[in-house]
>>> print(open('coords-v9.cif').read())   # mmCIF, C-alpha atoms and all ligand atoms
data_query
#
loop_
_atom_site.label_atom_id
_atom_site.label_comp_id
_atom_site.auth_asym_id
_atom_site.auth_seq_id
_atom_site.Cartn_x
_atom_site.Cartn_y
_atom_site.Cartn_z
CA MET I 178 0.00 0.00 0.00
CA SER I 179 1.39 3.45 -0.89
CA HIS I 180 2.01 5.97 1.89
CA GLU I 181 -0.92 8.12 0.72
CA ASP I 182 -3.29 5.17 0.49
CA CYS I 183 -2.23 4.12 3.95
CA CYS I 184 -2.95 7.63 5.36
CA THR I 185 -6.38 7.66 3.76
CA LYS I 186 -7.18 4.17 4.99
CA ARG I 187 -6.07 5.12 8.49
CA ARG I 188 -8.25 8.23 8.51
CA GLU I 189 -11.23 6.28 7.22
CA ALA I 190 -10.68 3.53 9.75
CA LEU I 191 -10.36 5.96 12.67
CA ASN I 192 -13.67 7.46 11.71
CA GLU I 193 -15.35 4.13 12.39
CA PHE I 194 -14.29 4.00 16.04
CA ALA I 195 -16.11 5.58 18.97
CA LEU I 196 -13.32 8.00 19.86
CA PRO I 197 -14.08 10.97 22.10
CA GLY I 198 -13.51 14.00 19.87
CA LYS I 199 -11.78 14.23 16.52
CA ALA I 200 -8.48 12.55 15.64
CA ILE I 201 -6.02 15.29 14.70
CA SER I 202 -2.86 13.24 14.18
CA CYS I 203 -1.93 9.67 13.43
CA GLU I 204 1.73 8.63 13.18
CA ARG I 205 3.52 5.31 12.90
CA TYR I 206 4.53 4.15 16.36
CA GLY I 207 6.63 1.58 18.24
CA ASN I 208 9.01 -1.15 17.13
CA GLY I 209 6.79 -4.21 16.73
CA HIS I 210 7.70 -6.56 13.87
CA ILE I 211 4.18 -7.70 13.01
CA ASN I 212 1.30 -5.22 13.07
CA ASP I 213 1.16 -1.70 11.65
CA THR I 214 0.90 0.44 14.76
CA PHE I 215 -0.03 4.14 14.88
CA LEU I 216 -0.38 6.65 17.68
CA THR I 217 -3.37 8.90 17.24
CA ILE I 218 -4.20 12.03 19.23
CA THR I 219 -7.62 13.65 19.42
CA ASP I 220 -8.45 17.36 19.57
CA GLU I 221 -9.04 16.85 23.30
CA GLY I 222 -5.47 15.60 23.66
CA LYS I 223 -6.47 11.97 24.30
CA ARG I 224 -4.14 9.33 22.88
CA PHE I 225 -5.01 6.00 21.26
CA ILE I 226 -3.20 3.16 19.56
CA LEU I 227 -4.56 2.28 16.13
CA GLN I 228 -3.40 -1.00 14.61
CA ARG I 229 -3.82 -2.54 11.22
CA MET I 230 -3.65 -6.21 12.10
CA ASN I 231 -1.31 -8.35 10.08
CA THR I 232 -3.66 -10.82 8.45
CA ASP I 233 -0.84 -12.61 6.60
CA VAL I 234 0.42 -13.63 10.03
CA PHE I 235 -2.93 -13.87 11.79
CA LYS I 236 -5.13 -15.65 9.28
CA ASP I 237 -8.23 -15.55 11.47
CA PRO I 238 -8.41 -11.98 12.85
CA VAL I 239 -12.02 -12.45 13.97
CA SER I 240 -11.08 -15.27 16.35
CA LEU I 241 -7.98 -13.35 17.36
CA MET I 242 -10.08 -10.36 18.45
CA ASN I 243 -12.46 -12.71 20.21
CA ASN I 244 -9.48 -14.05 22.20
CA ILE I 245 -8.41 -10.52 23.10
CA VAL I 246 -11.93 -9.57 24.24
CA LEU I 247 -12.09 -12.70 26.42
CA VAL I 248 -8.62 -12.25 27.90
CA THR I 249 -8.97 -8.52 28.62
CA GLU I 250 -12.44 -9.00 30.18
CA PHE I 251 -11.06 -11.81 32.33
CA LEU I 252 -8.07 -9.72 33.43
CA LYS I 253 -10.31 -6.74 34.15
CA LYS I 254 -12.30 -8.79 36.68
CA LYS I 255 -9.11 -9.89 38.41
CA ILE I 256 -7.81 -6.33 38.53
CA GLU I 257 -11.11 -5.09 39.98
CA GLN I 258 -11.06 -7.82 42.63
CA ARG I 259 -7.67 -6.67 43.86
CA GLY I 260 -8.65 -2.99 43.68
CA GLY I 261 -6.31 -2.22 40.77
CA ASP I 262 -6.69 0.28 37.92
CA THR I 263 -8.46 -1.39 34.98
CA GLU I 264 -7.59 1.55 32.72
CA ARG I 265 -3.86 0.95 32.99
CA GLU I 266 -3.29 -2.63 34.04
CA THR I 267 -4.73 -4.29 30.95
CA LEU I 268 -5.29 -3.34 27.34
CA ASN I 269 -8.64 -1.60 26.80
CA ILE I 270 -10.29 -2.07 23.42
CA VAL I 271 -12.06 0.99 22.00
CA GLY I 272 -15.11 -0.28 20.15
CA THR I 273 -16.44 0.82 16.79
CA LYS I 274 -19.43 3.17 16.56
CA ASP I 275 -21.65 0.15 15.94
CA GLY I 276 -20.32 -1.68 18.98
CA GLY I 277 -17.76 -4.06 17.41
CA ALA I 278 -14.24 -4.75 18.67
CA TYR I 279 -12.66 -4.15 15.24
CA HIS I 280 -13.34 -2.63 11.84
CA VAL I 281 -12.91 -4.19 8.39
CA ASP I 282 -12.35 -1.64 5.65
CA SER I 283 -13.46 -1.85 2.01
CA THR I 284 -10.24 -3.61 0.96
CA GLY I 285 -10.36 -6.18 3.74
CA ASN I 286 -7.90 -4.59 6.19
CA TYR I 287 -8.66 -5.30 9.85
CA TRP I 288 -8.26 -2.40 12.27
CA ARG I 289 -8.49 -2.08 16.04
CA VAL I 290 -7.99 0.68 18.60
CA TYR I 291 -6.67 0.48 22.16
CA ARG I 292 -6.64 3.21 24.77
CA TYR I 293 -3.08 4.48 25.11
CA ILE I 294 -1.56 3.55 28.45
CA GLU I 295 -0.34 6.89 29.80
CA ASP I 296 2.64 7.57 32.07
CA ALA I 297 4.34 4.36 31.08
CA VAL I 298 6.99 3.24 28.57
CA THR I 299 7.99 0.23 26.55
CA LEU I 300 11.72 -0.34 26.21
CA ASP I 301 13.83 -1.98 23.53
CA LYS I 302 16.74 -2.28 25.92
CA VAL I 303 16.81 -2.32 29.70
CA ARG I 304 18.01 0.94 31.25
CA THR I 305 18.84 -0.71 34.57
CA PRO I 306 18.46 -4.27 35.93
CA ASP I 307 15.39 -2.98 37.81
CA ASP I 308 13.57 -2.62 34.46
CA PHE I 309 14.24 -6.24 33.67
CA TYR I 310 13.25 -7.37 37.13
CA ALA I 311 9.99 -5.41 36.85
CA SER I 312 9.20 -6.95 33.46
CA ALA I 313 9.91 -10.44 34.84
CA VAL I 314 7.54 -9.99 37.77
CA ALA I 315 4.82 -8.69 35.46
CA PHE I 316 5.15 -11.49 32.88
CA GLY I 317 5.24 -14.07 35.70
CA ARG I 318 2.16 -12.52 37.28
CA PHE I 319 0.41 -12.50 33.91
CA SER I 320 0.67 -16.28 33.57
CA GLY I 321 -0.36 -16.67 37.22
CA GLN I 322 -3.48 -14.61 36.56
CA MET I 323 -4.29 -16.71 33.51
CA ALA I 324 -3.99 -19.98 35.46
CA ASP I 325 -7.76 -20.34 35.95
CA PHE I 326 -8.71 -19.09 32.48
CA ASP I 327 -10.57 -21.72 30.47
CA ALA I 328 -8.05 -22.43 27.70
CA SER I 329 -10.67 -24.22 25.60
CA LYS I 330 -12.23 -20.80 24.87
CA LEU I 331 -9.09 -19.64 23.09
CA THR I 332 -8.46 -20.05 19.39
CA GLU I 333 -4.87 -20.92 18.50
CA THR I 334 -4.14 -17.71 16.58
CA ILE I 335 -1.01 -19.17 14.99
CA PRO I 336 -1.08 -22.96 15.02
CA ASP I 337 2.21 -24.54 16.15
CA PHE I 338 3.58 -21.11 17.03
CA HIS I 339 6.26 -22.46 19.39
CA ASN I 340 6.31 -25.99 18.02
CA THR I 341 10.07 -25.86 17.53
CA PRO I 342 10.45 -29.26 15.80
CA LYS I 343 7.80 -28.17 13.28
CA ARG I 344 9.61 -24.84 12.84
CA PHE I 345 12.71 -26.88 12.03
CA GLU I 346 10.83 -28.78 9.32
CA THR I 347 9.59 -25.51 7.83
CA PHE I 348 13.14 -24.17 7.90
CA MET I 349 14.51 -27.27 6.14
CA ARG I 350 11.84 -26.92 3.47
CA ALA I 351 12.78 -23.26 2.98
CA VAL I 352 16.43 -24.30 2.57
CA LYS I 353 15.45 -26.94 0.01
CA ASP I 354 13.08 -24.69 -1.95
CA ASP I 355 15.50 -21.75 -1.78
CA VAL I 356 13.03 -19.55 -3.66
CA CYS I 357 15.25 -16.44 -3.49
CA LYS I 358 18.51 -18.27 -4.19
CA ARG I 359 19.92 -17.05 -0.89
CA ALA I 360 20.88 -20.38 0.68
CA GLU I 361 24.36 -20.49 -0.81
CA GLY I 362 25.33 -17.30 1.01
CA VAL I 363 24.20 -18.56 4.42
CA GLN I 364 25.61 -22.09 4.56
CA ALA I 365 27.30 -21.56 7.94
CA GLU I 366 24.03 -20.37 9.50
CA ILE I 367 22.11 -23.28 7.97
CA GLU I 368 24.66 -25.76 9.32
CA PHE I 369 24.42 -24.17 12.77
CA TYR I 370 20.71 -24.89 12.98
CA LYS I 371 21.08 -28.39 11.55
CA ALA I 372 23.66 -29.14 14.24
CA HIS I 373 21.21 -27.95 16.93
CA GLU I 374 18.22 -30.03 15.88
CA ALA I 375 18.33 -32.25 19.00
CA ASP I 376 18.38 -29.18 21.28
CA MET I 377 15.32 -27.85 19.51
CA ASN I 378 13.43 -31.09 20.16
CA TYR I 379 14.31 -31.29 23.84
CA CYS I 380 11.55 -29.23 25.50
CA ALA I 381 8.90 -30.45 23.03
CA GLU I 382 9.77 -34.02 24.05
CA ARG I 383 9.48 -33.16 27.76
CA LEU I 384 6.04 -31.71 27.00
CA LYS I 385 5.01 -34.90 25.17
CA GLU I 386 6.17 -37.03 28.09
CA GLY I 387 4.04 -34.93 30.42
CA LYS I 388 7.08 -33.63 32.31
CA LEU I 389 6.22 -30.02 31.46
CA PRO I 390 2.66 -28.72 31.93
CA LEU I 391 0.77 -26.82 29.26
CA ARG I 392 -0.35 -23.45 30.65
CA VAL I 393 -2.05 -20.38 29.20
CA THR I 394 0.98 -18.31 28.23
CA HIS I 395 1.72 -15.04 26.45
CA ASN I 396 4.12 -16.50 23.88
CA ASP I 397 5.70 -13.19 22.85
CA THR I 398 7.37 -11.91 26.01
CA LYS I 399 9.72 -9.35 24.52
CA LEU I 400 10.65 -6.44 26.74
CA ASN I 401 8.80 -4.07 24.40
CA ASN I 402 5.57 -5.98 25.02
CA ILE I 403 5.37 -4.68 28.57
CA MET I 404 4.54 -1.18 29.79
CA LEU I 405 6.65 0.04 32.71
CA ASP I 406 5.10 2.67 34.95
CA ASN I 407 7.03 5.97 34.79
CA LYS I 408 6.57 6.71 38.49
CA THR I 409 7.00 3.33 40.18
CA GLY I 410 9.13 1.59 37.52
CA LYS I 411 6.88 -1.46 37.90
CA GLY I 412 5.53 -3.52 35.01
CA ILE I 413 2.06 -2.03 34.85
CA CYS I 414 0.59 -3.83 31.85
CA VAL I 415 1.36 -6.76 29.57
CA ILE I 416 0.48 -5.82 25.98
CA ASP I 417 0.55 -7.52 22.56
CA LEU I 418 -1.95 -10.21 23.48
CA ASP I 419 -2.22 -11.62 19.93
CA THR I 420 -0.49 -14.89 20.79
CA VAL I 421 -2.02 -15.69 24.18
CA MET I 422 -2.49 -19.44 23.79
CA PRO I 423 -1.67 -22.67 25.58
CA GLY I 424 2.11 -22.92 25.83
CA LEU I 425 5.14 -23.54 28.00
CA SER I 426 6.11 -21.21 30.85
CA ILE I 427 9.78 -21.89 30.14
CA TYR I 428 9.23 -20.47 26.65
CA ASP I 429 7.71 -17.27 28.03
CA PHE I 430 10.71 -17.05 30.32
CA GLY I 431 13.07 -17.97 27.49
CA ASP I 432 11.87 -15.41 24.98
CA SER I 433 12.33 -12.64 27.55
CA ILE I 434 15.91 -13.77 28.09
CA ARG I 435 16.56 -13.99 24.35
CA PHE I 436 15.58 -10.37 23.87
CA GLY I 437 16.31 -8.65 27.18
CA ALA I 438 19.39 -10.41 28.59
CA ASN I 439 21.29 -9.95 25.32
CA THR I 440 23.91 -7.21 25.83
CA ALA I 441 23.22 -6.05 22.25
CA ALA I 442 20.16 -5.28 20.17
CA GLU I 443 18.33 -8.08 18.38
CA ASP I 444 19.63 -6.75 15.06
CA GLU I 445 23.14 -5.64 16.11
CA ILE I 446 25.63 -5.88 13.26
CA ASP I 447 28.75 -5.86 15.44
CA LEU I 448 28.57 -9.40 16.80
CA SER I 449 31.33 -8.74 19.33
CA LYS I 450 28.70 -6.80 21.28
CA VAL I 451 26.38 -9.80 21.55
CA SER I 452 26.49 -11.83 24.77
CA LEU I 453 24.28 -13.21 27.49
CA SER I 454 24.38 -11.14 30.65
CA THR I 455 24.32 -13.73 33.42
CA ASP I 456 23.50 -10.93 35.87
CA LEU I 457 20.39 -10.05 33.87
CA PHE I 458 19.59 -13.75 33.56
CA ASP I 459 19.74 -14.06 37.35
CA THR I 460 17.63 -10.92 37.78
CA TYR I 461 14.97 -12.27 35.45
CA VAL I 462 14.85 -15.71 37.11
CA LYS I 463 14.30 -14.01 40.46
CA GLY I 464 11.57 -11.72 39.15
CA TYR I 465 9.81 -14.35 37.07
CA LEU I 466 9.63 -16.85 39.91
CA GLU I 467 8.37 -14.14 42.23
CA GLY I 468 5.68 -13.17 39.69
CA CYS I 469 4.66 -16.82 39.21
CA ASP I 470 4.29 -17.01 42.99
CA GLY I 471 5.22 -20.65 43.47
CA ALA I 472 3.24 -21.95 40.49
CA LEU I 473 6.21 -23.38 38.57
CA THR I 474 7.16 -27.01 39.13
CA LYS I 475 10.69 -28.09 40.00
CA GLU I 476 11.10 -29.45 36.47
CA GLU I 477 10.03 -26.13 34.94
CA ILE I 478 12.54 -24.23 37.06
CA LYS I 479 15.26 -26.72 36.19
CA LEU I 480 14.55 -26.28 32.49
CA LEU I 481 14.52 -22.46 32.44
CA PRO I 482 17.98 -22.32 30.78
CA MET I 483 16.78 -24.78 28.13
CA GLY I 484 13.70 -22.58 27.57
CA ALA I 485 16.03 -19.64 26.89
CA LYS I 486 18.21 -21.63 24.54
CA THR I 487 15.25 -23.12 22.66
CA MET I 488 13.58 -19.74 22.15
CA THR I 489 16.85 -18.20 20.93
CA LEU I 490 17.39 -21.08 18.53
CA GLU I 491 13.80 -21.02 17.32
CA CYS I 492 13.64 -17.27 16.82
CA GLY I 493 16.95 -17.13 14.95
CA MET I 494 15.83 -19.99 12.75
CA ARG I 495 12.53 -18.19 12.06
CA PHE I 496 14.47 -15.06 11.02
CA LEU I 497 16.63 -17.19 8.72
CA THR I 498 13.59 -18.97 7.27
CA ASP I 499 12.07 -15.57 6.52
CA TYR I 500 15.32 -14.39 4.93
CA LEU I 501 15.34 -17.48 2.70
CA GLN I 502 11.69 -17.00 1.78
CA GLY I 503 12.14 -13.34 0.80
CA ASP I 504 11.32 -11.42 4.04
CA THR I 505 7.59 -11.84 3.96
CA TYR I 506 6.86 -12.36 7.67
CA PHE I 507 8.87 -10.01 9.93
CA MET I 508 8.91 -6.31 9.13
CA ILE I 509 12.38 -5.36 7.85
CA HIS I 510 13.93 -1.91 7.70
CA ARG I 511 17.04 -2.66 5.63
CA GLU I 512 18.46 -5.21 3.19
CA GLY I 513 19.57 -8.33 5.03
CA HIS I 514 17.81 -7.28 8.25
CA ASN I 515 16.52 -10.78 8.96
CA LEU I 516 19.98 -12.20 8.36
CA ASP I 517 21.49 -9.71 10.81
CA ARG I 518 18.86 -10.79 13.33
CA THR I 519 19.70 -14.46 12.69
CA ARG I 520 23.38 -13.84 13.31
CA THR I 521 22.82 -12.14 16.67
CA GLN I 522 20.64 -15.05 17.76
CA ILE I 523 23.33 -17.54 16.76
CA GLU I 524 25.97 -15.56 18.65
CA LEU I 525 23.72 -15.46 21.69
CA VAL I 526 23.20 -19.24 21.62
CA LYS I 527 26.96 -19.71 21.40
CA ASP I 528 27.45 -17.51 24.44
CA MET I 529 24.73 -19.39 26.34
CA GLU I 530 26.61 -22.60 25.58
CA ARG I 531 29.80 -21.06 27.00
CA LYS I 532 27.91 -19.93 30.11
CA TRP I 533 25.72 -23.01 30.48
CA ASN I 534 27.09 -24.09 33.87
CA ASP I 535 26.55 -20.58 35.25
CA MET I 536 22.96 -20.52 33.96
CA GLU I 537 22.24 -23.88 35.57
CA ALA I 538 23.89 -22.86 38.82
CA ILE I 539 21.71 -19.73 38.94
CA VAL I 540 18.43 -21.62 38.55
CA ASN I 541 19.56 -24.35 40.97
CA GLU I 542 19.75 -21.67 43.65
CA TYR I 543 15.98 -21.22 43.29
CA ILE I 544 14.91 -24.89 43.31
P1 LIG I 601 3.42 -5.89 17.33
O1 LIG I 601 2.57 -7.10 17.38
O2 LIG I 601 3.70 -5.42 15.96
O3 LIG I 601 4.66 -6.07 18.16
P2 LIG I 601 2.33 -4.34 19.56
O4 LIG I 601 0.92 -4.60 19.93
O5 LIG I 601 3.37 -4.94 20.42
O6 LIG I 601 2.54 -4.72 18.02
O7 LIG I 601 2.53 -2.75 19.53
C1 LIG I 601 3.73 -2.15 19.08
C2 LIG I 601 4.18 -1.11 20.09
O8 LIG I 601 3.16 -0.11 20.26
C3 LIG I 601 4.45 -1.64 21.50
O9 LIG I 601 5.74 -2.17 21.64
C4 LIG I 601 4.23 -0.38 22.34
O10 LIG I 601 5.39 0.44 22.31
C5 LIG I 601 3.12 0.37 21.60
N1 LIG I 601 1.79 0.07 22.18
C6 LIG I 601 0.95 -0.92 21.83
N2 LIG I 601 -0.20 -0.86 22.54
C7 LIG I 601 -0.09 0.19 23.37
C8 LIG I 601 -0.96 0.81 24.35
N3 LIG I 601 -2.18 0.35 24.61
N4 LIG I 601 -0.49 1.92 25.00
C9 LIG I 601 0.74 2.42 24.73
N5 LIG I 601 1.59 1.89 23.84
C10 LIG I 601 1.19 0.80 23.16
C1 LIG I 602 7.54 -10.73 16.74
O1 LIG I 602 5.17 -8.75 17.36
P1 LIG I 602 6.49 -8.63 18.04
O2 LIG I 602 7.42 -7.69 17.36
O3 LIG I 602 6.28 -8.34 19.50
C2 LIG I 602 7.06 -12.17 16.72
C3 LIG I 602 7.72 -12.95 17.85
C4 LIG I 602 9.23 -12.88 17.72
C5 LIG I 602 9.65 -11.42 17.69
C6 LIG I 602 11.12 -11.28 17.41
C7 LIG I 602 3.41 -12.94 16.19
O4 LIG I 602 7.13 -10.12 17.96
O5 LIG I 602 7.31 -14.31 17.80
O6 LIG I 602 9.85 -13.53 18.80
O7 LIG I 602 8.95 -10.70 16.64
N1 LIG I 602 5.61 -12.22 16.84
C8 LIG I 602 4.88 -13.00 16.02
O8 LIG I 602 11.53 -10.00 17.73
O9 LIG I 602 5.38 -13.74 15.19
MG MG I 603 4.92 -6.35 20.15
#
>>> encode(input="coords-v9.cif", output="structure tokens")
Amino acid sequence: MSHEDCCTKRREALNEFALPGKAISCERYGNGHINDTFLTITDEGKRFILQRMNTDVFKDPVSLMNNIVLVTEFLKKKIEQRGGDTERETLNIVGTKDGGAYHVDSTGNYWRVYRYIEDAVTLDKVRTPDDFYASAVAFGRFSGQMADFDASKLTETIPDFHNTPKRFETFMRAVKDDVCKRAEGVQAEIEFYKAHEADMNYCAERLKEGKLPLRVTHNDTKLNNIMLDNKTGKGICVIDLDTVMPGLSIYDFGDSIRFGANTAAEDEIDLSKVSLSTDLFDTYVKGYLEGCDGALTKEEIKLLPMGAKTMTLECGMRFLTDYLQGDTYFMIHREGHNLDRTRTQIELVKDMERKWNDMEAIVNEYI
């Protein structure tokens, strides 16, 4: 869609929602890789998040929005029960003028609006360990809150989202098909993932054996999917609820480590900057277990390092798959962006392997 078309579509879409006052600005916002996100401000100075949902990624946006309505309503009740602030501690959907949770425009784009969570930030990098600790407590608490949610009500918005063995099959198919003729240039990266196939099966096998429980998890626990309160520094609200589905707690833990305990950005080009901060790892273990409030089993705690390694392997392999398939899934902002992302993830796995004993010693302290 051209820039102008996009602006027109946005304006038209905004008009469908029951906003107080008139929208006077609407600018691209945030660093998510999936949806098109815009910040809109009304003539009364109220702020809202407008999103064009990515329907290539989320093939059933109607069920997805149904999930989000169910989850946010459920969380709202819990927040009310503990006397919290329902405006800030969960996402709030702004309905359309005719009472729907989303709008479909004339060309089939799906739009939604959330109230903007004020006096809070999302971060792409921790400023201090306290930020990471706060995010860990909040993500842990999120899964605790979801413990008595009826998972059968949820649609799997992306089937096999964290089915790592299946992701490996998809990756191998992408290597074989090589539709963009890029495989030759990334042989070392391909070999790295082939050599780690057994690691990628490990947690999935423990799940199959019943050693790891299936819980309702967030599944996309990046640091920038949590709002930190400007005044208290606490994790006020978990956002990006598109992938709330049954999953493994060690994967929620692991994806946070992959993104937040890396000493470099996810797309850093200078690989010498990439490493696992064992201090941040320790901080996150402490916060996550506190947030989960005793809910994790001994086996889950023991396998937290493996959750981190699996998520870092899986995510890097997904970036490489997307690179091989012509960058159709993750939003890219430069040539080779997905390959840069792959390389940081590989470097991070290598550093985890070097620091494996330290990671295990840290979690053992908490068992
Ligand atoms: P994506 O799925 O593309 O990652 P997100 O839902 O995570 O999209 O939104 C992208 C970014 O927009 C977030 O990282 C956050 O900075 C901002 N954002 C999203 N929802 C809100 C909200 N309700 N209030 C404030 N900021 C938000
Ligand atoms: C995507 O939507 P966002 O940017 O929070 C992706 C995650 C990846 C992450 C990598 C639905 O997360 O699975 O781990 O990018 N989300 C989806 O940064 O695929
Ligand atoms: Mg996001």
>>> atom_distance(input="coords-v9.cif", atom1="atom CA of Thr505 of chain I", atom2="atom C9 of ligand LIG 601 (chain I)")
26.1 Å
>>> residues_near_ligand(input="coords-v9.cif", ligand="ligand MG 603 (chain I)", cutoff="8 Å", atoms="only C-alpha atoms and all ligand atoms", output="ChimeraX atom specification")
/I:208-211,397,399,401-402,416-417
>>> atom_distance(input="coords-v9.cif", atom1="atom CA of Asp337 of chain I", atom2="atom CA of Lys486 of chain I")
18.3 Å
>>> residues_near_ligand(input="coords-v9.cif", ligand="ligand LIG 602 (chain I)", cutoff="10 Å", atoms="all atoms listed in the file", output="MDAnalysis selection string")
chainID I and resid 207:213 231 234:235 334:335 338:339 396:403 416:420 432:433 435:436 443:444 488:489 491:493 495:496 506:508 518
>>> closest_atom_pairs(input="coords-v9.cif", of="segment 254-282 of chain I", to="segment 289-292 of chain I", cutoff="9 Å", atoms="only C-alpha atoms", output="JSON lines")
{"residue": "I:Glu264", "atom": "CA", "partner": "I:Arg292", "partner_atom": "CA", "distance": 8.2}
{"residue": "I:Arg265", "atom": "CA", "partner": "I:Arg292", "partner_atom": "CA", "distance": 9.0}
{"residue": "I:Leu268", "atom": "CA", "partner": "I:Tyr291", "partner_atom": "CA", "distance": 6.6}
{"residue": "I:Asn269", "atom": "CA", "partner": "I:Tyr291", "partner_atom": "CA", "distance": 5.5}
{"residue": "I:Ile270", "atom": "CA", "partner": "I:Tyr291", "partner_atom": "CA", "distance": 4.6}
{"residue": "I:Val271", "atom": "CA", "partner": "I:Val290", "partner_atom": "CA", "distance": 5.3}
{"residue": "I:Gly272", "atom": "CA", "partner": "I:Val290", "partner_atom": "CA", "distance": 7.3}
{"residue": "I:Thr273", "atom": "CA", "partner": "I:Arg289", "partner_atom": "CA", "distance": 8.5}
{"residue": "I:Ala278", "atom": "CA", "partner": "I:Arg289", "partner_atom": "CA", "distance": 6.9}
{"residue": "I:Tyr279", "atom": "CA", "partner": "I:Arg289", "partner_atom": "CA", "distance": 4.7}
{"residue": "I:His280", "atom": "CA", "partner": "I:Arg289", "partner_atom": "CA", "distance": 6.4}
>>> atom_distance(input="coords-v9.cif", atom1="atom CA of Ile446 of chain I", atom2="atom CA of Arg511 of chain I")
11.9 Å
>>> closest_residue(input="coords-v9.cif", among="I:Ser179, I:Asn244, I:Thr440, I:Thr267", to="ligand LIG 601 (chain I)", atoms="only C-alpha atoms and all ligand atoms")
I:Thr267
>>> closest_residue(input="coords-v9.cif", among="I:Tyr293, I:Phe215, I:Tyr287, I:Tyr543", to="ligand LIG 601 (chain I)", atoms="only C-alpha atoms and all ligand atoms")
I:Tyr293
>>> closest_residue(input="coords-v9.cif", among="I:Gly513, I:Pro482, I:Gly412, I:Gly431", to="Thr299 of chain I", atoms="all atoms listed in the file")
I:Gly412
>>> closest_residue(input="coords-v9.cif", among="I:Leu466, I:Glu366, I:Phe458, I:Glu204", to="ligand LIG 601 (chain I)", atoms="all atoms listed in the file")
I:Glu204
>>> residues_around(input="coords-v9.cif", residues="Gly362 of chain I", least_positions_apart="3", cutoff="12 Å", atoms="all atoms listed in the file", output="VMD selection string")
chain I and resid 352 355 357 to 359 365 to 368 497 500 to 501 513 516
>>> closest_residue(input="coords-v9.cif", among="I:Asn515, I:Gln228, I:Ser202, I:Thr249", to="ligand LIG 601 (chain I)", atoms="all atoms listed in the file")
I:Gln228
>>> residues_near_point(input="coords-v9.cif", point="(-6.1, 13.5, 23.3)", cutoff="9 Å", atoms="all atoms listed in the file", output="ChimeraX atom specification")
/I:197-201,217-225
>>> closest_residue(input="coords-v9.cif", among="I:Ile226, I:Ser426, I:Cys203, I:Ala190", to="ligand LIG 601 (chain I)", atoms="only C-alpha atoms and all ligand atoms")
I:Ile226
>>> axis_aligned_box(input="coords-v9.cif", around="ligand LIG 601 (chain I)", padding_each_side="4 Å", output="JSON")
{"center_x": 1.8, "center_y": -2.3, "center_z": 20.5, "size_x": 15.9, "size_y": 17.5, "size_z": 17.0}
>>> residues_near_point(input="coords-v9.cif", point="(13.2, -26.8, 5.7)", cutoff="12 Å", atoms="all atoms listed in the file", output="list in words")
Pro342, Lys343, Arg344, Phe345, Glu346, Thr347, Phe348, Met349, Arg350, Ala351, Val352, Lys353, Asp354, Asp355, Val356, Ala360, Ile367, Tyr370, Lys371, Glu374, Met494, Arg495, Leu497, Thr498, Asp499, Leu501 and Gln502 of chain I
>>> residues_around(input="coords-v9.cif", residues="Val451 of chain I", least_positions_apart="4", cutoff="10 Å", atoms="only C-alpha atoms", output="list in words")
Ala438, Asn439, Thr440, Ala441, Ala442, Glu443, Asp444, Glu445, Ile446, Asp447, Arg520, Thr521, Gln522, Ile523, Glu524, Leu525, Val526, Lys527 and Asp528 of chain I
>>> decode(input="coords-v9.cif", residues="segment 380-404 of chain I", atoms="C-alpha atoms", output="mmCIF file, in the first residue's frame")
data_model
loop_
_atom_site.group_PDB
_atom_site.id
_atom_site.type_symbol
_atom_site.label_atom_id
_atom_site.label_comp_id
_atom_site.auth_asym_id
_atom_site.auth_seq_id
_atom_site.Cartn_x
_atom_site.Cartn_y
_atom_site.Cartn_z
ATOM 1 C CA CYS I 380 11.545 -29.234 25.499
ATOM 2 C CA ALA I 381 8.905 -30.448 23.027
ATOM 3 C CA GLU I 382 9.770 -34.018 24.047
ATOM 4 C CA ARG I 383 9.483 -33.164 27.762
ATOM 5 C CA LEU I 384 6.035 -31.715 27.000
ATOM 6 C CA LYS I 385 5.012 -34.900 25.165
ATOM 7 C CA GLU I 386 6.174 -37.034 28.092
ATOM 8 C CA GLY I 387 4.039 -34.928 30.425
ATOM 9 C CA LYS I 388 7.079 -33.633 32.310
ATOM 10 C CA LEU I 389 6.219 -30.025 31.458
ATOM 11 C CA PRO I 390 2.662 -28.721 31.927
ATOM 12 C CA LEU I 391 0.770 -26.824 29.259
ATOM 13 C CA ARG I 392 -0.352 -23.454 30.650
ATOM 14 C CA VAL I 393 -2.046 -20.377 29.199
ATOM 15 C CA THR I 394 0.975 -18.312 28.232
ATOM 16 C CA HIS I 395 1.716 -15.039 26.448
ATOM 17 C CA ASN I 396 4.119 -16.502 23.880
ATOM 18 C CA ASP I 397 5.704 -13.187 22.848
ATOM 19 C CA THR I 398 7.369 -11.915 26.013
ATOM 20 C CA LYS I 399 9.723 -9.352 24.525
ATOM 21 C CA LEU I 400 10.653 -6.442 26.740
ATOM 22 C CA ASN I 401 8.796 -4.074 24.403
ATOM 23 C CA ASN I 402 5.570 -5.983 25.025
ATOM 24 C CA ILE I 403 5.374 -4.682 28.567
ATOM 25 C CA MET I 404 4.544 -1.185 29.794
#
